[in-house]
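Text of protein.txt (compact mmCIF, C-alpha atoms) as supplied:
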# COMPACT_ATOMS: atom_id res chain seq x y z
CA MET A 1 -1.38 -22.77 5.05
CA PRO A 2 -0.90 -19.10 5.85
CA GLY A 3 -4.60 -18.14 5.62
CA GLN A 4 -5.47 -20.90 8.01
CA LYS A 5 -2.72 -19.84 10.36
CA ARG A 6 -3.95 -16.25 10.58
CA ARG A 7 -7.49 -17.41 11.07
CA ALA A 8 -6.54 -19.73 13.87
CA GLY A 9 -4.71 -16.82 15.54
CA GLY A 10 -7.95 -15.59 17.10
CA THR A 11 -8.17 -17.66 20.24
CA LEU A 12 -11.93 -17.81 20.04
CA ALA A 13 -12.11 -18.84 16.37
CA PRO A 14 -14.94 -21.28 16.88
CA ASN A 15 -14.55 -23.54 13.92
CA THR A 16 -11.96 -23.49 11.19
CA ALA A 17 -14.26 -25.55 8.98
CA VAL A 18 -16.28 -22.44 8.19
CA LYS A 19 -13.43 -21.13 6.06
CA ALA A 20 -14.94 -21.99 2.67
CA ASN A 21 -17.93 -19.99 3.73
CA HIS A 22 -16.17 -17.11 5.39
CA LYS A 23 -17.24 -14.36 3.04
CA HIS A 24 -20.74 -14.64 4.41
CA LEU A 25 -19.59 -14.21 7.97
CA PRO A 26 -19.11 -10.84 9.59
CA ALA A 27 -15.53 -9.63 9.62
CA LYS A 28 -14.81 -10.47 13.22
CA ALA A 29 -11.34 -11.73 13.54
CA SER A 30 -9.48 -10.33 16.49
CA VAL A 31 -10.30 -10.86 20.09
CA GLN A 32 -10.52 -8.42 22.99
CA GLY A 33 -11.45 -9.65 26.42
CA GLY A 34 -13.29 -12.59 24.89
CA HIS A 35 -15.17 -10.49 22.32
CA PRO A 36 -14.10 -10.59 18.70
CA VAL A 37 -13.36 -7.18 17.20
CA SER A 38 -15.58 -6.36 14.25
CA ILE A 39 -14.05 -4.44 11.35
CA GLU A 40 -16.89 -4.85 8.89
CA GLY A 41 -16.83 -1.15 7.98
CA LEU A 42 -13.20 -1.22 6.89
CA MET A 43 -13.27 -4.59 5.15
CA GLY A 44 -15.29 -3.13 2.28
CA LEU A 45 -12.76 -0.36 1.64
CA SER A 46 -10.10 -1.07 -0.96
CA GLY A 47 -7.92 1.68 0.51
CA TYR A 48 -7.80 -0.10 3.86
CA LEU A 49 -7.10 -3.49 2.28
CA LEU A 50 -4.43 -2.08 -0.05
CA ARG A 51 -2.68 -0.54 2.94
CA GLN A 52 -2.80 -3.75 4.96
CA ALA A 53 -1.55 -5.80 1.97
CA GLN A 54 1.23 -3.32 1.31
CA LEU A 55 2.32 -3.44 4.96
CA PHE A 56 2.38 -7.23 4.77
CA VAL A 57 4.59 -7.27 1.64
CA PHE A 58 6.90 -4.53 2.84
CA HIS A 59 7.34 -6.17 6.23
CA ASP A 60 8.37 -9.39 4.54
CA PHE A 61 10.56 -7.47 2.07
CA ASN A 62 12.42 -5.66 4.82
CA GLN A 63 13.06 -8.84 6.73
CA ARG A 64 14.31 -10.72 3.69
CA LEU A 65 16.48 -7.93 2.36
CA ALA A 66 17.90 -6.91 5.74
CA PRO A 67 21.16 -8.82 5.03
CA LEU A 68 21.64 -6.57 1.96
CA ASP A 69 20.43 -3.48 3.85
CA LEU A 70 18.05 -2.62 1.02
CA ARG A 71 14.61 -1.05 1.43
CA PRO A 72 11.82 -1.21 -1.17
CA ALA A 73 12.38 2.30 -2.53
CA GLN A 74 16.13 1.68 -2.84
CA TYR A 75 15.48 -1.54 -4.72
CA SER A 76 13.13 0.31 -7.09
CA VAL A 77 15.74 2.97 -7.81
CA LEU A 78 18.44 0.41 -8.56
CA SER A 79 16.10 -1.69 -10.69
CA ILE A 80 14.94 1.26 -12.81
CA THR A 81 18.53 2.51 -13.19
CA ARG A 82 19.64 -0.92 -14.41
CA GLU A 83 16.87 -0.90 -16.97
CA ASN A 84 17.56 2.70 -18.04
CA PRO A 85 21.28 3.48 -17.77
CA GLY A 86 21.88 7.23 -17.93
CA LEU A 87 18.35 7.96 -16.69
CA SER A 88 17.97 11.47 -15.34
CA GLN A 89 17.28 12.14 -11.68
CA MET A 90 14.17 14.04 -12.72
CA ALA A 91 12.78 11.18 -14.77
CA LEU A 92 13.38 8.77 -11.92
CA SER A 93 11.66 11.07 -9.47
CA HIS A 94 8.71 11.32 -11.85
CA VAL A 95 8.38 7.57 -12.43
CA LEU A 96 8.46 6.77 -8.72
CA HIS A 97 6.17 9.65 -7.71
CA ILE A 98 8.84 10.77 -5.27
CA GLY A 99 9.49 14.51 -5.13
CA ARG A 100 12.94 16.10 -5.32
CA SER A 101 13.15 16.36 -1.53
CA GLY A 102 12.68 12.61 -1.32
CA ILE A 103 14.76 11.47 -4.26
CA VAL A 104 17.94 13.42 -3.44
CA PRO A 105 18.64 11.82 -0.03
CA LEU A 106 17.68 8.42 -1.47
CA LEU A 107 20.28 8.80 -4.24
CA ASP A 108 22.83 10.26 -1.82
CA VAL A 109 22.71 7.11 0.28
CA LEU A 110 23.02 4.77 -2.71
CA GLU A 111 25.90 6.84 -4.10
CA ALA A 112 27.69 6.89 -0.73
CA ARG A 113 27.39 3.10 -0.66
CA ARG A 114 28.91 3.08 -4.18
CA LEU A 115 25.94 1.24 -5.64
CA LEU A 116 25.05 4.02 -8.03
CA ARG A 117 26.85 6.99 -9.56
CA ARG A 118 25.66 10.32 -10.87
CA GLY A 119 27.24 11.41 -14.12
CA PRO A 120 26.79 14.64 -16.07
CA ALA A 121 23.54 14.78 -18.04
CA ALA A 122 22.60 16.50 -21.28
CA ASP A 123 20.26 18.59 -19.19
CA ARG A 124 22.51 20.44 -16.75
CA ARG A 125 19.75 20.81 -14.17
CA SER A 126 19.74 17.06 -13.63
CA HIS A 127 22.14 14.09 -13.34
CA ALA A 128 22.47 10.92 -15.37
CA LEU A 129 22.31 7.81 -13.18
CA TYR A 130 24.29 4.61 -13.62
CA LEU A 131 24.73 1.47 -11.56
CA THR A 132 28.27 0.69 -10.45
CA THR A 133 29.62 -2.85 -10.79
CA GLN A 134 29.01 -3.20 -7.08
CA GLY A 135 25.47 -1.95 -7.54
CA SER A 136 24.77 -4.46 -10.32
CA ARG A 137 26.13 -7.25 -8.18
CA LEU A 138 24.03 -6.32 -5.13
CA LEU A 139 20.95 -5.90 -7.28
CA ALA A 140 21.38 -9.41 -8.71
CA GLN A 141 21.47 -10.77 -5.17
CA ALA A 142 18.45 -8.67 -4.27
CA ASP A 143 16.48 -9.99 -7.25
CA VAL A 144 16.59 -13.49 -5.77
CA LEU A 145 15.25 -12.30 -2.41
CA VAL A 146 12.62 -10.10 -4.04
CA GLN A 147 11.40 -13.11 -5.96
CA GLN A 148 11.09 -14.94 -2.64
CA ASN A 149 9.12 -11.99 -1.31
CA GLN A 150 6.81 -12.26 -4.29
CA ASP A 151 6.49 -16.02 -3.74
CA ARG A 152 5.37 -15.29 -0.19
CA MET A 153 2.56 -13.16 -1.64
CA ILE A 154 1.65 -15.92 -4.10
CA ASP A 155 1.50 -18.44 -1.22
CA LYS A 156 -0.72 -16.07 0.70
CA ILE A 157 -3.35 -15.35 -1.96
CA GLY A 158 -2.84 -18.10 -4.56
CA ARG A 159 -1.21 -17.94 -7.99
CA ARG A 160 -4.37 -17.11 -9.94
CA ASN A 161 -5.36 -14.33 -7.59
CA HIS A 162 -1.83 -13.01 -7.76
CA GLU A 163 -1.91 -12.82 -11.54
CA GLN A 164 -5.29 -11.15 -11.34
CA LEU A 165 -3.92 -8.65 -8.83
CA LEU A 166 -1.04 -7.70 -11.14
CA LYS A 167 -3.51 -7.04 -13.95
CA ILE A 168 -5.90 -5.01 -11.82
CA LEU A 169 -3.14 -2.82 -10.36
CA GLU A 170 -1.14 -2.44 -13.57
CA VAL A 171 -2.61 1.01 -14.20
CA PHE A 172 -1.04 2.36 -10.98
CA GLY A 173 2.45 1.25 -11.98
CA ARG A 174 2.41 3.09 -15.27
CA PRO A 175 3.71 6.55 -14.65
CA GLU A 176 2.02 9.47 -16.35
CA MET B 1 -11.24 8.28 -18.77
CA PRO B 2 -8.41 8.29 -16.28
CA GLY B 3 -6.43 5.46 -17.91
CA GLN B 4 -6.45 7.32 -21.17
CA LYS B 5 -5.37 10.49 -19.49
CA ARG B 6 -2.39 8.88 -17.79
CA ARG B 7 -1.35 7.17 -20.98
CA ALA B 8 -1.48 10.37 -22.98
CA GLY B 9 0.72 12.03 -20.35
CA GLY B 10 3.85 10.59 -21.96
CA THR B 11 4.65 13.14 -24.63
CA LEU B 12 5.99 10.46 -26.93
CA ALA B 13 3.03 8.08 -26.58
CA PRO B 14 2.92 7.19 -30.25
CA ASN B 15 -0.59 5.97 -30.65
CA THR B 16 -3.39 5.76 -28.16
CA ALA B 17 -5.19 3.24 -30.39
CA VAL B 18 -2.83 0.52 -29.14
CA LYS B 19 -4.50 0.71 -25.74
CA ALA B 20 -6.57 -2.45 -26.06
CA ASN B 21 -3.35 -4.23 -26.81
CA HIS B 22 -1.19 -2.58 -24.19
CA LYS B 23 -0.47 -5.63 -22.10
CA HIS B 24 1.73 -6.93 -24.88
CA LEU B 25 3.77 -3.76 -24.99
CA PRO B 26 6.77 -3.15 -22.78
CA ALA B 27 6.07 -1.07 -19.71
CA LYS B 28 7.48 2.16 -21.04
CA ALA B 29 5.43 5.03 -19.86
CA SER B 30 7.43 7.99 -18.70
CA VAL B 31 9.73 10.07 -20.81
CA GLN B 32 13.23 11.36 -20.16
CA GLY B 33 14.95 13.46 -22.77
CA GLY B 34 12.82 11.90 -25.46
CA HIS B 35 13.38 8.32 -24.30
CA PRO B 36 10.58 6.50 -22.50
CA VAL B 37 11.58 5.08 -19.12
CA SER B 38 11.18 1.33 -18.93
CA ILE B 39 9.98 -0.17 -15.65
CA GLU B 40 9.35 -3.68 -16.90
CA GLY B 41 11.22 -5.19 -13.93
CA LEU B 42 8.96 -3.55 -11.36
CA MET B 43 5.67 -3.98 -13.23
CA GLY B 44 5.69 -7.71 -12.49
CA LEU B 45 6.06 -7.17 -8.74
CA SER B 46 2.86 -7.06 -6.72
CA GLY B 47 4.70 -5.27 -3.91
CA TYR B 48 5.55 -2.38 -6.21
CA LEU B 49 2.04 -2.18 -7.64
CA LEU B 50 0.40 -2.40 -4.21
CA ARG B 51 2.54 0.48 -3.03
CA GLN B 52 1.73 2.63 -6.04
CA ALA B 53 -1.99 1.85 -5.72
CA GLN B 54 -1.93 2.61 -2.00
CA LEU B 55 -0.20 5.94 -2.63
CA PHE B 56 -2.86 6.79 -5.20
CA VAL B 57 -5.74 6.05 -2.81
CA PHE B 58 -4.16 7.75 0.18
CA HIS B 59 -3.31 10.84 -1.83
CA ASP B 60 -6.94 11.12 -2.90
CA PHE B 61 -8.13 10.35 0.65
CA ASN B 62 -5.99 13.06 2.19
CA GLN B 63 -7.18 15.65 -0.31
CA ARG B 64 -10.84 14.77 0.17
CA LEU B 65 -10.73 14.57 3.94
CA ALA B 66 -8.54 17.63 4.43
CA PRO B 67 -11.61 19.76 5.36
CA LEU B 68 -12.24 17.35 8.26
CA ASP B 69 -8.51 17.11 9.06
CA LEU B 70 -8.70 13.33 9.12
CA ARG B 71 -5.96 10.94 7.93
CA PRO B 72 -6.53 7.31 6.94
CA ALA B 73 -5.26 5.85 10.23
CA GLN B 74 -7.43 8.25 12.24
CA TYR B 75 -10.47 7.29 10.20
CA SER B 76 -9.72 3.59 10.81
CA VAL B 77 -9.48 4.15 14.56
CA LEU B 78 -12.79 6.02 14.69
CA SER B 79 -14.51 3.48 12.46
CA ILE B 80 -13.38 0.49 14.52
CA THR B 81 -14.30 2.26 17.77
CA ARG B 82 -17.81 2.98 16.46
CA GLU B 83 -18.20 -0.68 15.61
CA ASN B 84 -16.77 -1.88 18.92
CA PRO B 85 -17.64 0.57 21.72
CA GLY B 86 -15.49 -0.09 24.77
CA LEU B 87 -12.76 -1.72 22.66
CA SER B 88 -9.44 -1.88 24.45
CA GLN B 89 -6.44 0.10 23.29
CA MET B 90 -4.52 -3.16 23.01
CA ALA B 91 -7.12 -4.82 20.82
CA LEU B 92 -7.20 -1.79 18.54
CA SER B 93 -3.43 -1.76 18.27
CA HIS B 94 -3.51 -5.45 17.38
CA VAL B 95 -6.21 -5.14 14.73
CA LEU B 96 -4.49 -2.25 12.98
CA HIS B 97 -1.00 -3.75 13.24
CA ILE B 98 0.14 -0.55 14.90
CA GLY B 99 2.45 -0.93 17.89
CA ARG B 100 1.96 0.81 21.23
CA SER B 101 4.39 3.57 20.27
CA GLY B 102 2.21 4.33 17.26
CA ILE B 103 -1.25 3.91 18.75
CA VAL B 104 -0.77 6.09 21.85
CA PRO B 105 -0.02 9.38 20.02
CA LEU B 106 -2.76 8.57 17.50
CA LEU B 107 -5.31 8.20 20.33
CA ASP B 108 -3.90 11.25 22.16
CA VAL B 109 -4.64 13.44 19.15
CA LEU B 110 -8.18 12.09 18.71
CA GLU B 111 -8.87 12.49 22.42
CA ALA B 112 -7.49 16.04 22.45
CA ARG B 113 -9.84 16.83 19.57
CA ARG B 114 -12.68 15.37 21.67
CA LEU B 115 -13.58 12.82 19.02
CA LEU B 116 -12.83 9.85 21.22
CA ARG B 117 -12.57 9.20 24.94
CA ARG B 118 -10.69 6.65 26.98
CA GLY B 119 -12.62 5.09 29.82
CA PRO B 120 -11.52 2.60 32.47
CA ALA B 121 -11.27 -0.97 31.19
CA ALA B 122 -11.75 -4.31 32.91
CA ASP B 123 -8.07 -4.89 32.23
CA ARG B 124 -6.29 -2.11 34.14
CA ARG B 125 -3.31 -2.19 31.79
CA SER B 126 -5.45 -0.90 28.96
CA HIS B 127 -8.23 1.61 28.26
CA ALA B 128 -11.73 1.20 26.89
CA LEU B 129 -12.35 3.41 23.88
CA TYR B 130 -15.58 5.20 23.00
CA LEU B 131 -16.58 7.76 20.39
CA THR B 132 -17.88 11.06 21.69
CA THR B 133 -21.00 12.60 20.14
CA GLN B 134 -18.69 14.93 18.27
CA GLY B 135 -16.64 11.94 17.08
CA SER B 136 -19.75 10.15 15.81
CA ARG B 137 -20.83 13.26 13.98
CA LEU B 138 -17.46 13.81 12.32
CA LEU B 139 -17.22 10.15 11.39
CA ALA B 140 -20.62 10.29 9.66
CA GLN B 141 -19.36 13.23 7.58
CA ALA B 142 -16.14 11.35 6.86
CA ASP B 143 -18.06 8.26 5.69
CA VAL B 144 -19.50 10.26 2.79
CA LEU B 145 -16.08 11.46 1.68
CA VAL B 146 -14.52 8.03 2.13
CA GLN B 147 -17.20 6.61 -0.12
CA GLN B 148 -16.21 9.22 -2.73
CA ASN B 149 -12.61 8.14 -2.31
CA GLN B 150 -13.67 4.55 -2.96
CA ASP B 151 -15.69 5.67 -6.00
CA ARG B 152 -12.52 7.27 -7.37
CA MET B 153 -10.83 3.86 -7.16
CA ILE B 154 -13.82 2.21 -8.85
CA ASP B 155 -13.63 4.77 -11.67
CA LYS B 156 -9.95 4.07 -12.04
CA ILE B 157 -10.03 0.27 -12.29
CA GLY B 158 -13.68 -0.53 -13.05
CA ARG B 159 -16.37 -1.94 -10.79
CA ARG B 160 -15.73 -5.60 -11.52
CA ASN B 161 -12.01 -5.29 -10.95
CA HIS B 162 -12.70 -3.41 -7.76
CA GLU B 163 -14.92 -6.19 -6.42
CA GLN B 164 -12.28 -8.69 -7.42
CA LEU B 165 -9.64 -6.63 -5.63
CA LEU B 166 -11.65 -6.60 -2.38
CA LYS B 167 -11.93 -10.40 -2.53
CA ILE B 168 -8.27 -10.97 -3.28
CA LEU B 169 -7.06 -8.66 -0.51
CA GLU B 170 -9.64 -9.71 2.08
CA VAL B 171 -7.14 -11.99 3.81
CA PHE B 172 -4.89 -9.03 4.66
CA GLY B 173 -7.68 -7.14 6.39
CA ARG B 174 -8.50 -9.95 8.77
CA PRO B 175 -6.35 -9.51 11.83
CA GLU B 176 -4.79 -12.55 13.43
The structure in this file should be written as structure tokens.
Amino acid sequence: MPGQKRRAGGTLAPNTAVKANHKHLPAKASVQGGHPVSIEGLMGLSGYLLRQAQLFVFHDFNQRLAPLDLRPAQYSVLSITRENPGLSQMALSHVLHIGRSGIVPLLDVLEARRLLRRGPAADRRSHALYLTTQGSRLLAQADVLVQQNQDRMIDKIGRRNHEQLLKILEVFGRPE
Amino acid sequence: MPGQKRRAGGTLAPNTAVKANHKHLPAKASVQGGHPVSIEGLMGLSGYLLRQAQLFVFHDFNQRLAPLDLRPAQYSVLSITRENPGLSQMALSHVLHIGRSGIVPLLDVLEARRLLRRGPAADRRSHALYLTTQGSRLLAQADVLVQQNQDRMIDKIGRRNHEQLLKILEVFGRPE
């Protein structure tokens, strides 16, 4: 059980049987020179927890998708382009909250790898984006690994909590 | 209401009265050349949503704490040091999942700003960390702004969801 494993990682964890009760214990989990490190102040901050959770998922993502050489942002770009063929570069940048200076090099790399191509758009200031056959094929392989990444999250927090999490965070996924 | 505001941002949002029902609608929220961008594929991925939520909180954090010139990681370091005076550099690095190459420059900056000092540690390979008076004072100011940052999150998702979120993500905050 992953939760158990983490918990047992502290060499001084006195008693794993306290787990069911752990929310009433102070957040002391790491050990330094025999003294557990307290992070009570941060444990009540959703920003801190969101960051730690995101690092956990991305770390797992990067390991799993290393064989395909695909990072989270690249996967997002390919996934959105599959769902919206002919999407403009500007719309993509807007949806992902990535500015022009971020989106251009991201697309350059995917285009150089022949996973995505830029076509002419109705709006001449932008480009229309399409997956190549190679891009579609790689994305289908990636989908399987991304599902495994998600399953790792579900293992970690439980299926019900995971569904709850998706609902709570839904508002952040919807672009303006 | 922030949710409403975001939703109305799509110029083609046909009818805000569907809001109560929105979970049954496809995730089409942004607009490109008159066509909403669909991100259905990503909306079911907790990794994507965690990232978007984290970007939202950090963006707000950085704006609010700009007058104190304090970034999230710096705040975390100061907060943990306050809670664990004499903490070793290694233990801090472990708790925050930041490697040596990341923690050293982070501490250098805080020490140069005289917010934190490194003292000798029992273990000669490491340092014992302490807040300075100036560091304690700045951190107390920061606490107020960080609470406002958290309140922004609570406004965004609702108090009950926020409490739920803290519980679900608790496991990621506890270091091994």
| request: May I have the residues within 10 Å of region 105-108 of chain A as number ranges by chain, using only C-alpha atoms and disregarding those fewer than 4 positions away in the same chain? | output: A: 73-74, 77-78, 89, 98, 100-101, 112-118, 129
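Nearest to Leu165 (chain A) of all the residues A:Met153, A:Tyr48, A:Glu111, A:Ser93 is A:Met153, counting only C-alpha atoms.
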| said: I'd like the contact shell of Asp143 (chain A) - 12 Å cut-off, all atoms listed in the file, skipping same-chain residues fewer than 2 positions apart - returned as a list in words. | reply: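 Within the cut-off, the hits are Phe61, Arg64, Leu65, Leu68, Leu70, Pro72, Tyr75, Ser76, Leu78, Ser79, Arg82, Ser136, Arg137, Leu138, Leu139, Ala140, Gln141, Leu145, Val146, Gln147, Gln148, Asn149 and Gln150 of chain A; Gly41, Leu42 and Leu45 of chain B.
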| request: Please write as an MDAnalysis selection string the list of polymer residues whose atoms come within 12 Å of (-15.5, -6.6, -5.6), counting only C-alpha atoms and keeping to the coordinates of the file. | output: (chainID A and resid 23 43:46 49 168) or (chainID B and resid 150 153:154 157:170)
| message | Rounded to one decimal, what separation in Å do you get between CA of Pro67 (chain B) and CA of His127 (chain B)? | response |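 These atoms are spaced 29.4 Å apart.
In this structure, CA of Leu131 (chain A) sits 7.4 Å away from CA of Pro85 (chain A).
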